[in-house]
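Please read the structure below before turning to the comments.
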Amino acid sequence: MNTSTVLIDKYPWLDAYNNAYLYIVGPCSEEERLQFKGKLPFDIPEGWYSFIEQMCEEIAQHLEQAGWKPEDYHIAQIKEKWGELCWYDEGHPEGMRNIIRKYEALSMNTCSKCGKPAKYLTKGYVLPYCEECLPKFAKEHMNYIELK
């Protein structure tokens with residue numbers, strides 16, 4: 001079973017088929033929507049998968065405590081931008097923004113390749129890297145800054 005299937009089984013609001021994401025890309029026929037069935041509505045660096053399930057669990061608990069059903073919550077888009085997780089939804093219960101912000105901040109300090117604590121942030125195409133991954137994945141011409 002792959003990561004997508006495991007996450008979608010546990011958090012059905014992550015299934016792109018049922019998500020607001022499809023309405024951003026334009027109206028779709030049922031046939032077109034079916035190609036998204038079982039796919040996650042995000043494209044994030046593999047290293048961030050190290051915390052994404054924990055984030056989803058906290059969100060699921062918050063939704064339940066707020067009396068929201070899983071089908072009431074809709075993701076618009078989840079992506080990496082400027083080295084940070086960007087989580088966009090179509091509304092959420094009060095207080096959930098704190099959970100989202102916590103993980104957006106964590107992403108900036110998590111290696112985008114392996115999930116270890118990041119020590120460097122590349123410039124230009126901004127991504128956080130740990131000491132081991134920087135020389136392997138950052139292009140030789142990339143500049144970077146050391147995180148404190």
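Starting from 1 in every chain, residues are counted up; chains themselves are A, B, ... following the order of the structure tokens, and ligands are numbered from 1 as listed.
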> Could you pull the residues within 8 Å of Asn143 in chain A, counting only C-alpha atoms, minus those fewer than 3 positions along the same chain, as a VMD selection string?
Replying inline: chain A and resid 122 to 124
Would you save the residues of that selection, restricted to N, CA, C and O atoms, as a tab-separated table (two decimals), in the first residue's frame?
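New file result-v5.tsv:
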```
chain	number	residue	atom	x	y	z
A	122	THR	N	18.56	27.16	0.68
A	122	THR	CA	19.14	27.61	-0.58
A	122	THR	C	18.50	28.93	-0.99
A	122	THR	O	17.37	29.24	-0.61
A	123	LYS	N	19.22	29.69	-1.78
A	123	LYS	CA	18.71	30.95	-2.33
A	123	LYS	C	18.31	30.70	-3.77
A	123	LYS	O	18.77	29.76	-4.40
A	124	GLY	N	17.50	31.57	-4.33
A	124	GLY	CA	17.00	31.37	-5.70
A	124	GLY	C	15.80	30.45	-5.62
A	124	GLY	O	14.72	30.87	-5.23
```
> So which residues touch range 86-94 of chain A within 10 Å, counting only C-alpha atoms, skipping near sequence neighbours fewer than 5 positions away, as a VMD selection string?
Replying inline: chain A and resid 19 to 21 42 44 59 62 to 68 72 to 81 100 to 101 103 to 105 107
> Looking at A:Tyr11, A:Phe51, A:Trp82, A:Tyr144, which one is nearest to Thr110 in chain A, with distances taken over only C-alpha atoms?
Replying inline: A:Phe51
> Between A:Lys148, A:Lys102, A:Lys116, A:Arg97, which has the minimum distance to Glu131 in chain A (counting only C-alpha atoms)?
Replying inline: A:Lys116
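Nearest-residue note for Leu85 in chain A: choosing from A:Glu132, A:Asp15, A:Glu46, A:Glu146, the minimum distance belongs to A:Glu46, counting only C-alpha atoms.
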